[in-house]
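The structure file my_file06.cif is reproduced below (mmCIF, C-alpha atoms and all ligand atoms).
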```cif
data_query
#
loop_
_atom_site.label_atom_id
_atom_site.label_comp_id
_atom_site.auth_asym_id
_atom_site.auth_seq_id
_atom_site.Cartn_x
_atom_site.Cartn_y
_atom_site.Cartn_z
CA MET A 1 95.39 141.31 14.10
CA ALA A 2 94.08 138.13 15.62
CA LYS A 3 90.45 139.10 15.47
CA GLY A 4 90.97 141.04 12.30
CA LYS A 5 88.62 141.29 9.42
CA LYS A 6 89.73 139.56 6.29
CA VAL A 7 89.97 141.63 3.17
CA ARG A 8 91.04 140.51 -0.24
CA VAL A 9 93.52 142.65 -2.13
CA GLU A 10 95.17 142.37 -5.48
CA PHE A 11 98.47 140.82 -6.21
CA ARG A 12 100.96 142.82 -8.19
CA LYS A 13 99.70 142.90 -11.72
CA ASN A 14 102.59 141.06 -13.29
CA ARG A 15 101.72 138.02 -11.24
CA GLY A 16 98.62 137.73 -13.37
CA LYS A 17 100.44 137.37 -16.65
CA PRO A 18 100.46 134.01 -18.33
CA PRO A 19 103.75 132.21 -17.82
CA ARG A 20 104.52 132.14 -21.53
CA GLU A 21 105.01 135.90 -21.42
CA ASN A 22 108.12 135.30 -19.38
CA ASP A 23 109.74 133.88 -22.46
CA PHE A 24 112.50 136.32 -23.20
CA THR A 25 112.19 136.50 -26.95
CA ARG A 26 108.48 137.08 -26.75
CA HIS A 27 108.94 139.61 -24.05
CA VAL A 28 111.07 141.79 -26.29
CA GLY A 29 108.35 141.88 -28.89
CA GLN A 30 105.75 142.44 -26.26
CA VAL A 31 107.47 145.47 -24.78
CA GLU A 32 107.83 146.94 -28.19
CA ALA A 33 104.20 146.39 -28.95
CA ASP A 34 103.10 147.88 -25.68
CA ASP A 35 105.28 150.90 -26.19
CA ALA A 36 104.18 151.42 -29.71
CA VAL A 37 100.54 151.49 -28.90
CA SER A 38 98.50 152.75 -26.13
CA GLY A 39 94.91 151.87 -26.13
CA GLU A 40 92.10 150.05 -24.66
CA ARG A 41 91.63 146.39 -24.73
CA VAL A 42 89.62 143.72 -23.25
CA ARG A 43 91.53 141.57 -20.88
CA ALA A 44 90.74 137.98 -20.25
CA LYS A 45 88.22 137.25 -17.60
CA GLY A 46 89.63 136.53 -14.22
CA ASP A 47 93.10 137.50 -15.27
CA LEU A 48 93.35 140.37 -12.84
CA SER A 49 91.24 138.88 -10.18
CA ARG A 50 93.90 136.97 -8.32
CA GLN A 51 93.76 138.18 -4.84
CA ARG A 52 95.15 137.32 -1.51
CA THR A 53 93.51 137.69 1.79
CA VAL A 54 94.88 140.14 4.32
CA THR A 55 93.65 141.05 7.70
CA LEU A 56 92.65 144.45 8.89
CA ASP A 57 93.58 145.37 12.41
CA ASP A 58 90.33 147.18 12.83
CA PRO A 59 87.66 144.54 12.58
CA VAL A 60 84.25 145.56 11.42
CA ASP A 61 81.23 143.39 11.73
CA SER A 62 80.37 142.44 8.17
CA THR A 63 76.69 142.75 8.95
CA ASP A 64 77.28 146.52 8.92
CA PHE A 65 78.21 146.27 5.25
CA ILE A 66 75.94 146.83 2.35
CA SER A 67 76.74 145.76 -1.16
CA GLY A 68 76.76 147.94 -4.22
CA ARG A 69 78.41 148.69 -7.51
CA VAL A 70 80.83 151.48 -8.37
CA LEU A 71 79.32 153.65 -11.11
CA ARG A 72 82.17 156.13 -11.37
CA VAL A 73 85.36 157.14 -9.67
CA PHE A 74 86.52 160.71 -9.37
CA GLY A 75 89.55 161.65 -7.35
CA LEU A 76 89.22 160.23 -3.88
CA PHE A 77 85.52 159.55 -4.20
CA SER A 78 83.35 156.96 -5.87
CA ASP A 79 79.64 156.83 -6.49
CA VAL A 80 78.36 153.47 -5.38
CA GLU A 81 74.92 152.35 -6.41
CA ARG A 82 73.11 150.25 -3.86
CA ASP A 83 71.00 147.36 -4.96
CA ASP A 84 67.90 149.50 -4.41
CA GLY A 85 69.19 152.09 -6.88
CA THR A 86 70.18 154.80 -4.39
CA ILE A 87 73.65 156.23 -4.74
CA LEU A 88 76.21 156.69 -1.98
CA ARG A 89 79.21 158.97 -2.20
CA CYS A 90 82.06 156.85 -0.89
CA THR A 91 85.68 157.07 0.08
CA VAL A 92 87.99 154.09 -0.02
CA ARG A 93 89.34 152.54 3.10
CA ARG A 94 93.00 153.37 3.40
CA ILE A 95 94.23 149.81 3.59
CA LEU A 96 92.67 149.00 0.24
CA LYS A 97 94.47 151.94 -1.31
CA THR A 98 97.89 151.16 0.10
CA MET A 99 97.63 147.47 -0.72
CA SER A 100 97.06 148.16 -4.36
CA LEU A 101 100.09 148.53 -6.59
CA ASP A 102 98.32 151.04 -8.74
CA GLU A 103 96.33 153.42 -6.61
CA ARG A 104 94.05 154.28 -9.42
CA SER A 105 92.72 150.78 -9.49
CA ALA A 106 92.16 150.27 -5.79
CA VAL A 107 88.57 150.78 -6.75
CA THR A 108 87.46 151.01 -10.32
CA THR A 109 84.26 151.60 -12.24
CA GLY A 110 82.16 148.47 -12.30
CA ASP A 111 83.56 147.02 -9.10
CA ARG A 112 81.18 145.20 -6.84
CA VAL A 113 81.95 146.42 -3.36
CA LYS A 114 81.01 146.19 0.28
CA VAL A 115 80.45 149.54 1.90
CA ARG A 116 80.26 150.62 5.50
CA TRP A 117 77.30 152.94 5.35
CA ASP A 118 76.82 156.03 7.48
CA GLY A 119 73.06 155.55 7.42
CA LYS A 120 72.56 158.55 5.12
CA ASN A 121 74.19 159.02 1.74
CA GLU A 122 77.85 158.39 2.39
CA GLY A 123 80.02 155.38 3.04
CA VAL A 124 83.45 153.81 3.05
CA ILE A 125 84.38 151.05 0.63
CA GLU A 126 85.82 148.26 2.71
CA HIS A 127 85.98 145.41 0.29
CA VAL A 128 86.26 144.88 -3.46
CA GLU A 129 85.00 141.65 -4.95
CA PRO A 130 87.22 139.78 -7.42
CA ARG A 131 86.94 141.20 -10.91
CA ARG A 132 85.80 139.47 -14.06
CA GLY A 133 85.72 140.81 -17.61
CA ILE A 134 87.96 143.83 -17.45
CA LEU A 135 88.49 146.64 -19.90
CA THR A 136 91.94 148.10 -19.57
CA ARG A 137 93.88 150.93 -21.02
CA ALA A 138 97.47 150.01 -21.72
CA SER A 139 100.18 152.57 -21.76
CA ARG A 140 103.93 152.10 -21.71
CA ASN A 141 103.69 148.61 -20.40
CA ARG A 142 101.42 149.60 -17.58
CA GLU A 143 97.84 148.74 -17.46
CA HIS A 144 95.02 150.72 -15.95
CA ILE A 145 91.71 149.13 -15.38
CA LEU A 146 88.91 151.19 -16.85
CA VAL A 147 85.94 149.02 -16.05
CA ALA A 148 85.49 145.79 -14.15
CA ASN A 149 82.85 143.12 -14.50
CA VAL A 150 81.80 143.67 -18.08
CA ASP A 151 79.62 140.88 -19.46
CA GLN A 152 79.24 141.52 -23.14
CA LEU A 153 80.32 143.46 -26.18
CA VAL A 154 77.79 144.70 -28.68
CA VAL A 155 79.38 145.08 -32.09
CA VAL A 156 77.43 147.59 -34.17
CA VAL A 157 77.93 147.80 -37.91
CA SER A 158 75.79 149.57 -40.46
CA LEU A 159 74.73 147.88 -43.65
CA VAL A 160 74.90 151.14 -45.59
CA ASP A 161 76.39 154.55 -44.87
CA PRO A 162 79.05 153.76 -43.80
CA ALA A 163 79.19 150.69 -46.00
CA LEU A 164 79.45 147.31 -44.39
CA LYS A 165 83.01 146.12 -43.84
CA VAL A 166 82.56 142.49 -43.09
CA HIS A 167 86.14 141.81 -41.98
CA LEU A 168 85.68 144.46 -39.28
CA ILE A 169 82.89 142.37 -37.79
CA ASP A 170 85.29 139.49 -37.36
CA ARG A 171 87.92 141.74 -35.85
CA TYR A 172 85.49 143.05 -33.24
CA LEU A 173 84.16 139.59 -32.55
CA ALA A 174 87.69 138.28 -32.07
CA SER A 175 88.29 141.03 -29.51
CA ALA A 176 85.22 139.93 -27.63
CA GLU A 177 86.43 136.32 -27.69
CA LYS A 178 89.84 137.36 -26.46
CA GLY A 179 88.33 139.25 -23.56
CA GLU A 180 85.91 136.43 -22.86
CA LEU A 181 83.04 138.85 -23.33
CA LYS A 182 79.85 137.52 -24.82
CA PRO A 183 79.59 138.93 -28.34
CA ILE A 184 76.39 140.34 -29.82
CA LEU A 185 76.22 141.52 -33.40
CA VAL A 186 73.94 144.36 -34.45
CA LEU A 187 73.46 145.06 -38.15
CA ASN A 188 71.93 148.52 -38.25
CA LYS A 189 70.25 150.74 -40.88
CA VAL A 190 68.42 147.82 -42.42
CA ASP A 191 65.81 150.35 -43.63
CA LEU A 192 68.37 151.54 -46.17
CA THR A 193 68.79 148.18 -47.84
CA ASP A 194 66.95 145.03 -48.82
CA PRO A 195 66.80 142.82 -45.74
CA ALA A 196 66.86 139.72 -47.93
CA LEU A 197 70.39 140.62 -48.99
CA VAL A 198 71.68 140.45 -45.44
CA GLN A 199 69.89 137.30 -44.35
CA PRO A 200 72.86 135.08 -45.25
CA LEU A 201 75.04 137.15 -42.95
CA VAL A 202 72.51 136.94 -40.14
CA GLY A 203 72.30 133.18 -40.65
CA ALA A 204 76.07 132.74 -40.69
CA TYR A 205 76.69 134.55 -37.42
CA SER A 206 73.65 133.12 -35.69
CA GLN A 207 74.96 129.69 -36.60
CA LEU A 208 78.16 130.51 -34.78
CA GLY A 209 76.06 131.04 -31.68
CA ILE A 210 76.38 134.82 -31.79
CA PRO A 211 73.08 136.65 -31.23
CA THR A 212 72.66 138.70 -34.39
CA VAL A 213 70.08 141.44 -34.59
CA LEU A 214 68.92 143.38 -37.63
CA THR A 215 67.96 146.86 -36.50
CA SER A 216 66.56 150.08 -37.83
CA VAL A 217 66.18 153.14 -35.68
CA PRO A 218 63.51 154.86 -37.82
CA THR A 219 61.30 151.76 -38.12
CA GLY A 220 62.05 150.36 -34.67
CA LEU A 221 62.95 146.97 -36.07
CA GLY A 222 64.99 144.84 -33.68
CA ILE A 223 64.97 147.38 -30.85
CA ASP A 224 62.92 145.23 -28.48
CA ARG A 225 65.22 142.31 -29.05
CA LEU A 226 68.27 144.49 -28.43
CA ARG A 227 66.72 145.79 -25.22
CA ASN A 228 66.15 142.23 -24.06
CA LEU A 229 69.75 141.34 -24.76
CA LEU A 230 70.94 144.29 -22.64
CA ARG A 231 68.68 143.57 -19.68
CA ASN A 232 70.58 142.84 -16.45
CA GLN A 233 73.92 142.76 -18.24
CA THR A 234 76.89 145.11 -18.26
CA THR A 235 77.45 145.98 -21.88
CA VAL A 236 80.03 147.84 -23.91
CA PHE A 237 79.03 149.13 -27.34
CA SER A 238 81.63 149.26 -30.05
CA GLY A 239 81.69 150.06 -33.71
CA GLN A 240 82.85 152.65 -36.17
CA SER A 241 81.73 156.20 -36.04
CA GLY A 242 78.40 156.84 -37.79
CA VAL A 243 77.04 153.31 -37.64
CA GLY A 244 74.27 154.42 -35.27
CA LYS A 245 75.43 153.52 -31.76
CA SER A 246 74.04 156.67 -30.12
CA SER A 247 70.81 156.41 -32.08
CA LEU A 248 70.37 152.78 -31.05
CA LEU A 249 71.03 153.61 -27.41
CA ASN A 250 68.43 156.38 -27.58
CA ALA A 251 65.97 154.00 -29.17
CA VAL A 252 66.55 151.46 -26.43
CA GLU A 253 66.08 154.10 -23.76
CA PRO A 254 65.43 157.79 -24.41
CA GLY A 255 68.41 159.95 -23.49
CA LEU A 256 70.82 157.06 -23.17
CA GLY A 257 72.77 157.95 -26.31
CA ARG A 258 73.41 161.39 -24.93
CA LEU A 259 74.51 160.01 -21.58
CA VAL A 260 76.97 157.69 -23.16
CA ARG A 261 79.13 160.53 -24.29
CA GLU A 262 81.41 158.82 -26.67
CA VAL A 263 81.07 155.23 -27.52
CA SER A 264 83.96 153.21 -28.76
CA ASP A 265 85.11 154.37 -32.10
CA VAL A 266 87.50 152.48 -34.27
CA THR A 267 88.57 155.60 -36.11
CA ASN A 268 89.66 157.39 -32.98
CA LYS A 269 93.13 155.97 -32.91
CA GLY A 270 95.64 157.94 -30.99
CA GLN A 271 93.19 159.88 -28.91
CA HIS A 272 94.01 160.15 -25.28
CA THR A 273 91.93 161.28 -22.46
CA THR A 274 92.28 160.64 -18.78
CA THR A 275 88.55 160.69 -18.22
CA THR A 276 87.43 157.60 -16.44
CA ALA A 277 84.73 155.24 -17.51
CA GLU A 278 81.23 155.29 -16.08
CA LEU A 279 78.38 152.88 -15.83
CA ILE A 280 75.03 154.16 -17.02
CA ARG A 281 72.07 152.47 -15.41
CA LEU A 282 69.37 151.12 -17.69
CA SER A 283 65.87 151.70 -16.36
CA PHE A 284 64.88 148.15 -17.30
CA GLY A 285 67.90 146.60 -15.55
CA GLY A 286 71.58 146.43 -16.42
CA TRP A 287 74.26 148.94 -17.31
CA VAL A 288 75.88 150.37 -20.38
CA VAL A 289 79.52 151.32 -20.12
CA ASP A 290 80.58 154.78 -21.12
CA THR A 291 84.23 154.65 -22.07
CA PRO A 292 85.18 158.11 -23.24
CA GLY A 293 88.00 158.71 -25.67
CA VAL A 294 88.87 155.13 -26.24
CA ARG A 295 90.80 153.50 -28.93
CA GLN A 296 89.01 150.53 -30.19
CA PHE A 297 89.55 147.06 -28.85
CA GLN A 298 92.32 146.08 -31.12
CA LEU A 299 94.06 142.80 -30.73
CA TRP A 300 97.23 144.66 -29.74
CA ASP A 301 98.87 142.05 -27.68
CA THR A 302 97.76 139.06 -29.66
CA ARG A 303 100.29 136.64 -31.02
CA PRO A 304 99.41 135.24 -34.46
CA GLU A 305 99.10 131.73 -33.07
CA GLU A 306 96.37 132.88 -30.69
CA VAL A 307 94.11 134.08 -33.48
CA GLU A 308 92.68 130.67 -34.41
CA GLY A 309 91.28 130.43 -30.88
CA TYR A 310 89.04 133.45 -31.57
CA PHE A 311 87.37 131.74 -34.52
CA ARG A 312 85.12 129.36 -32.70
CA GLU A 313 84.11 127.33 -35.76
CA PHE A 314 87.75 126.39 -36.48
CA ARG A 315 88.02 124.37 -33.31
CA PRO A 316 86.68 121.03 -34.57
CA PHE A 317 89.06 121.14 -37.54
CA VAL A 318 92.40 122.16 -36.07
CA THR A 319 92.86 118.65 -34.70
CA GLN A 320 92.99 117.42 -38.31
CA CYS A 321 96.00 119.57 -39.17
CA GLY A 322 99.26 117.76 -39.91
CA PHE A 323 101.30 119.92 -37.55
CA PRO A 324 100.31 120.76 -34.01
CA ASP A 325 101.45 124.35 -34.60
CA CYS A 326 99.75 124.63 -38.00
CA SER A 327 99.13 128.24 -38.93
CA HIS A 328 96.41 127.26 -41.43
CA THR A 329 98.11 129.40 -44.07
CA HIS A 330 100.64 127.54 -46.22
CA GLU A 331 100.67 124.05 -44.70
CA SER A 332 99.70 121.18 -47.02
CA LYS A 333 97.77 119.02 -44.56
CA CYS A 334 95.52 121.49 -42.84
CA GLY A 335 92.12 120.69 -41.33
CA VAL A 336 91.01 124.30 -41.47
CA LYS A 337 91.88 124.75 -45.13
CA SER A 338 90.15 121.53 -46.11
CA ALA A 339 87.09 122.63 -44.12
CA VAL A 340 87.12 125.88 -46.10
CA ALA A 341 87.38 123.89 -49.34
CA LYS A 342 84.39 121.79 -48.26
CA ARG A 343 82.50 124.97 -47.29
CA LEU A 344 82.29 123.87 -43.67
CA ILE A 345 84.04 127.10 -42.77
CA SER A 346 83.10 130.20 -44.72
CA ASP A 347 85.66 131.78 -47.08
CA ARG A 348 84.86 135.09 -45.58
CA ARG A 349 85.72 134.06 -42.05
CA TYR A 350 88.85 132.35 -43.28
CA TYR A 351 90.00 135.55 -45.02
CA SER A 352 89.30 137.49 -41.84
CA TYR A 353 91.43 134.96 -40.01
CA LEU A 354 94.28 135.45 -42.48
CA GLY A 355 94.06 139.22 -42.06
CA LEU A 356 94.25 139.01 -38.28
CA PHE A 357 96.95 136.34 -38.43
CA ASN A 358 99.06 138.58 -40.62
CA GLY A 359 98.44 141.57 -38.40
CA VAL A 360 96.48 143.57 -40.93
CA THR A 361 95.06 146.47 -38.97
CA GLU A 362 92.42 147.88 -41.27
P1 LIG A 401 77.37 156.71 -33.91
O1 LIG A 401 78.50 157.57 -34.36
O2 LIG A 401 77.68 155.26 -34.10
O3 LIG A 401 76.90 157.00 -32.52
O4 LIG A 401 76.17 157.00 -34.91
P2 LIG A 401 74.88 157.96 -34.70
O5 LIG A 401 73.92 157.34 -33.77
O6 LIG A 401 75.35 159.33 -34.42
O7 LIG A 401 74.25 157.88 -36.16
C1 LIG A 401 74.91 158.33 -37.31
C2 LIG A 401 73.89 158.74 -38.36
O8 LIG A 401 73.17 157.59 -38.79
C3 LIG A 401 72.84 159.69 -37.83
O9 LIG A 401 72.55 160.62 -38.84
C4 LIG A 401 71.63 158.83 -37.56
O10 LIG A 401 70.42 159.51 -37.67
C5 LIG A 401 71.77 157.79 -38.64
N1 LIG A 401 71.16 156.50 -38.27
C6 LIG A 401 71.36 155.81 -37.12
N2 LIG A 401 70.67 154.66 -37.14
C7 LIG A 401 70.01 154.62 -38.31
C8 LIG A 401 69.13 153.65 -38.94
O11 LIG A 401 68.79 152.61 -38.38
N3 LIG A 401 68.66 153.96 -40.17
C9 LIG A 401 68.98 155.11 -40.81
N4 LIG A 401 68.47 155.31 -42.03
N5 LIG A 401 69.82 156.02 -40.27
C10 LIG A 401 70.32 155.78 -39.03
ZN ZN A 402 95.86 124.00 -40.19
#
```
Let me see the structure of the file written as structure tokens.
Ligand code: GDP
Ligand code: ZN
Amino acid sequence: MAKGKKVRVEFRKNRGKPPRENDFTRHVGQVEADDAVSGERVRAKGDLSRQRTVTLDDPVDSTDFISGRVLRVFGLFSDVERDDGTILRCTVRRILKTMSLDERSAVTTGDRVKVRWDGKNEGVIEHVEPRRGILTRASRNREHILVANVDQLVVVVSLVDPALKVHLIDRYLASAEKGELKPILVLNKVDLTDPALVQPLVGAYSQLGIPTVLTSVPTGLGIDRLRNLLRNQTTVFSGQSGVGKSSLLNAVEPGLGRLVREVSDVTNKGQHTTTTAELIRLSFGGWVVDTPGVRQFQLWDTRPEEVEGYFREFRPFVTQCGFPDCSHTHESKCGVKSAVAKRLISDRRYYSYLGLFNGVTE
């Protein structure tokens, strides 16, 4: 082992949980919640990336390694895309597999890896870089990583057909905040309405620092801007069925909507599939995540007191609350409520907050 090659492997997953989850009373509720639901969620950046360094007894000169990104995993094989765009069919080095608590996540879609290359079109994954921005599927208190290294979440809503549900925007945006994914808001089908009517909404979200794009597939409005936002990023699209996600993807790049077989769909609750996620390469740089059969990013494992943290504009006001654990609901001296009264925080956002705080799911 003395001359061994260092490799980083994951700790057991439960080491990554925040300490407060060890609190017994919370834990009971948590188990229940995890059992009751099984779905996909965004997990905080870096949460699963704690690793330790181990040593392989079979040292390999790291100059033999090439770097790449895992596009998809199937059985014992993964397709790894090299930086030049070529794809290698790879196996995973045994030690990485045995070191991982959950074999399925020894290597996962989206991983950035180091591969020992055979000089042709095959290789062996020797090293997995620490993960950031992880989409997971939770099931019976176990968590499977679906995609690693996701940068941003595009929330698509349509202004008409289906009608705009503004509180859903805030729910999706809160999920992005929870997962530490950069949120982008797309308001689609603007050709079916008067753009002047939606300007206040665009202004409100832009003011929160959230890139907000008005789009129309038939007129092409906003498509260039959307394409620019996707460039060189790893992006997940989410939004209700029928809002135009596939159409937008096709507009951004022909054929993309078809490749991304089933984008996240809030109405698909309860669907299960074991199909793994894939990364779809954008010709202009970046990737779109295909997450088949997902349940939407709900705030499943969110405690009510966390919710305020996902409303970025509340932050300057919570310090003015009379109680450090103010819920901003019934308390008399509340910085958030007085900010709402002074119109420094919008009513609409405050009502969305109340809905999420009270665990309203629709
Ligand atoms: P998805 O379920 O979110 O992927 O939605 P689709 O892309 O399948 O679109 C649903 C319907 O909305 C289709 O009939 C599209 O042609 C239509 N659609 C999508 N985008 C627009 C748009 O910008 N304007 C109009 N008028 N219709 C659109
Ligand atoms: Zn308060």
| said: Under the rule that all atoms listed in the file are counted, which of A:Arg116, A:Arg349, A:His330, A:Arg171 is the nearest residue to ligand ZN 402 (chain A)? | reply: A:His330
| said: Taking only C-alpha atoms and all ligand atoms into account, which residues have an atom no farther than 12 Å from ligand ZN 402 (chain A)? I'd like them as a PyMOL selection string. | reply: chain A and resi 305+308+314-340+350+353-354
List all protein, DNA and RNA residues that have at least one atom no more than 12 Å from any atom of ligand LIG 401 (chain A), counting only C-alpha atoms and all ligand atoms, and write them as a PDB file with C-alpha atoms, in the coordinates of the input.
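part.pdb written:
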```pdb
ATOM      1  CA  VAL A 154      77.790 144.700 -28.680  1.00  0.00           C
ATOM      2  CA  VAL A 155      79.380 145.080 -32.090  1.00  0.00           C
ATOM      3  CA  VAL A 156      77.430 147.590 -34.170  1.00  0.00           C
ATOM      4  CA  VAL A 157      77.930 147.800 -37.910  1.00  0.00           C
ATOM      5  CA  SER A 158      75.790 149.570 -40.460  1.00  0.00           C
ATOM      6  CA  LEU A 159      74.730 147.880 -43.650  1.00  0.00           C
ATOM      7  CA  VAL A 160      74.900 151.140 -45.590  1.00  0.00           C
ATOM      8  CA  ASP A 161      76.390 154.550 -44.870  1.00  0.00           C
ATOM      9  CA  PRO A 162      79.050 153.760 -43.800  1.00  0.00           C
ATOM     10  CA  ALA A 163      79.190 150.690 -46.000  1.00  0.00           C
ATOM     11  CA  VAL A 186      73.940 144.360 -34.450  1.00  0.00           C
ATOM     12  CA  LEU A 187      73.460 145.060 -38.150  1.00  0.00           C
ATOM     13  CA  ASN A 188      71.930 148.520 -38.250  1.00  0.00           C
ATOM     14  CA  LYS A 189      70.250 150.740 -40.880  1.00  0.00           C
ATOM     15  CA  VAL A 190      68.420 147.820 -42.420  1.00  0.00           C
ATOM     16  CA  ASP A 191      65.810 150.350 -43.630  1.00  0.00           C
ATOM     17  CA  LEU A 192      68.370 151.540 -46.170  1.00  0.00           C
ATOM     18  CA  THR A 193      68.790 148.180 -47.840  1.00  0.00           C
ATOM     19  CA  VAL A 213      70.080 141.440 -34.590  1.00  0.00           C
ATOM     20  CA  LEU A 214      68.920 143.380 -37.630  1.00  0.00           C
ATOM     21  CA  THR A 215      67.960 146.860 -36.500  1.00  0.00           C
ATOM     22  CA  SER A 216      66.560 150.080 -37.830  1.00  0.00           C
ATOM     23  CA  VAL A 217      66.180 153.140 -35.680  1.00  0.00           C
ATOM     24  CA  PRO A 218      63.510 154.860 -37.820  1.00  0.00           C
ATOM     25  CA  THR A 219      61.300 151.760 -38.120  1.00  0.00           C
ATOM     26  CA  GLY A 220      62.050 150.360 -34.670  1.00  0.00           C
ATOM     27  CA  LEU A 221      62.950 146.970 -36.070  1.00  0.00           C
ATOM     28  CA  GLY A 222      64.990 144.840 -33.680  1.00  0.00           C
ATOM     29  CA  ILE A 223      64.970 147.380 -30.850  1.00  0.00           C
ATOM     30  CA  PHE A 237      79.030 149.130 -27.340  1.00  0.00           C
ATOM     31  CA  SER A 238      81.630 149.260 -30.050  1.00  0.00           C
ATOM     32  CA  GLY A 239      81.690 150.060 -33.710  1.00  0.00           C
ATOM     33  CA  GLN A 240      82.850 152.650 -36.170  1.00  0.00           C
ATOM     34  CA  SER A 241      81.730 156.200 -36.040  1.00  0.00           C
ATOM     35  CA  GLY A 242      78.400 156.840 -37.790  1.00  0.00           C
ATOM     36  CA  VAL A 243      77.040 153.310 -37.640  1.00  0.00           C
ATOM     37  CA  GLY A 244      74.270 154.420 -35.270  1.00  0.00           C
ATOM     38  CA  LYS A 245      75.430 153.520 -31.760  1.00  0.00           C
ATOM     39  CA  SER A 246      74.040 156.670 -30.120  1.00  0.00           C
ATOM     40  CA  SER A 247      70.810 156.410 -32.080  1.00  0.00           C
ATOM     41  CA  LEU A 248      70.370 152.780 -31.050  1.00  0.00           C
ATOM     42  CA  LEU A 249      71.030 153.610 -27.410  1.00  0.00           C
ATOM     43  CA  ASN A 250      68.430 156.380 -27.580  1.00  0.00           C
ATOM     44  CA  ALA A 251      65.970 154.000 -29.170  1.00  0.00           C
ATOM     45  CA  VAL A 252      66.550 151.460 -26.430  1.00  0.00           C
ATOM     46  CA  GLY A 255      68.410 159.950 -23.490  1.00  0.00           C
ATOM     47  CA  LEU A 256      70.820 157.060 -23.170  1.00  0.00           C
ATOM     48  CA  GLY A 257      72.770 157.950 -26.310  1.00  0.00           C
ATOM     49  CA  ARG A 258      73.410 161.390 -24.930  1.00  0.00           C
ATOM     50  CA  LEU A 259      74.510 160.010 -21.580  1.00  0.00           C
ATOM     51  CA  VAL A 260      76.970 157.690 -23.160  1.00  0.00           C
ATOM     52  CA  ARG A 261      79.130 160.530 -24.290  1.00  0.00           C
ATOM     53  CA  GLU A 262      81.410 158.820 -26.670  1.00  0.00           C
ATOM     54  CA  VAL A 263      81.070 155.230 -27.520  1.00  0.00           C
ATOM     55  CA  SER A 264      83.960 153.210 -28.760  1.00  0.00           C
ATOM     56  CA  ASP A 265      85.110 154.370 -32.100  1.00  0.00           C
ATOM     57  CA  VAL A 266      87.500 152.480 -34.270  1.00  0.00           C
ATOM     58  CA  THR A 267      88.570 155.600 -36.110  1.00  0.00           C
ATOM     59  CA  ASN A 268      89.660 157.390 -32.980  1.00  0.00           C
TER      60      ASN A 268
END
```
| request: Have a look at CA of Leu88 in chain A and CA of Asp64 in chain A and let me know their distance in Å, one decimal. | output: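 Computing it gives 14.9 Å between the two atoms.
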| query | For Lys182 in chain A, which of A:Pro200, A:Gly133, A:Gly359, A:Gly285 is the closest residue, counting all atoms listed in the file? | reply |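 When distances to Lys182 in chain A are compared using all atoms listed in the file, the smallest one comes from A:Gly133.
Taking CA of Leu71 in chain A as the reference point, CA of Ile87 in chain A is found at 8.9 Å.
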| request: Would you list the contacts of Val236 in chain A as a list in words, taking every protein, DNA or RNA residue within 7 Å and counting all atoms listed in the file, but skipping same-chain residues closer than 6 positions in sequence? | output: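 The residues that qualify are Gln152, Leu153, Val154, Val288 and Val289 of chain A.
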Selected residues written out with C-alpha atoms, as a CSV table (one decimal), in the coordinates of the input:
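result-v4.csv, written as the output of this step:
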```csv
chain,number,residue,atom,x,y,z
A,152,GLN,CA,79.2,141.5,-23.1
A,153,LEU,CA,80.3,143.5,-26.2
A,154,VAL,CA,77.8,144.7,-28.7
A,288,VAL,CA,75.9,150.4,-20.4
A,289,VAL,CA,79.5,151.3,-20.1
```
| Minimum-distance residue to Val80 in chain A, chosen among A:Leu279, A:Leu226, A:Leu201, A:Gly119 (using only C-alpha atoms) | A:Leu279
| query | Excluding same-chain residues fewer than 4 positions from Arg231 in chain A, what lies within 12 Å of it counting only C-alpha atoms, as a list in words? | reply |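 The filter keeps Asp151, Gln152, Asp224, Arg225, Leu226, Arg227, Thr235, Val252, Glu253, Arg281, Leu282, Ser283, Phe284, Gly285, Gly286, Trp287 and Val288 of chain A.
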| request: Could you tell me how far CA of Leu344 in chain A lies from CA of Gly179 in chain A, in Å and to one decimal? | output: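 So the answer is 26.0 Å.
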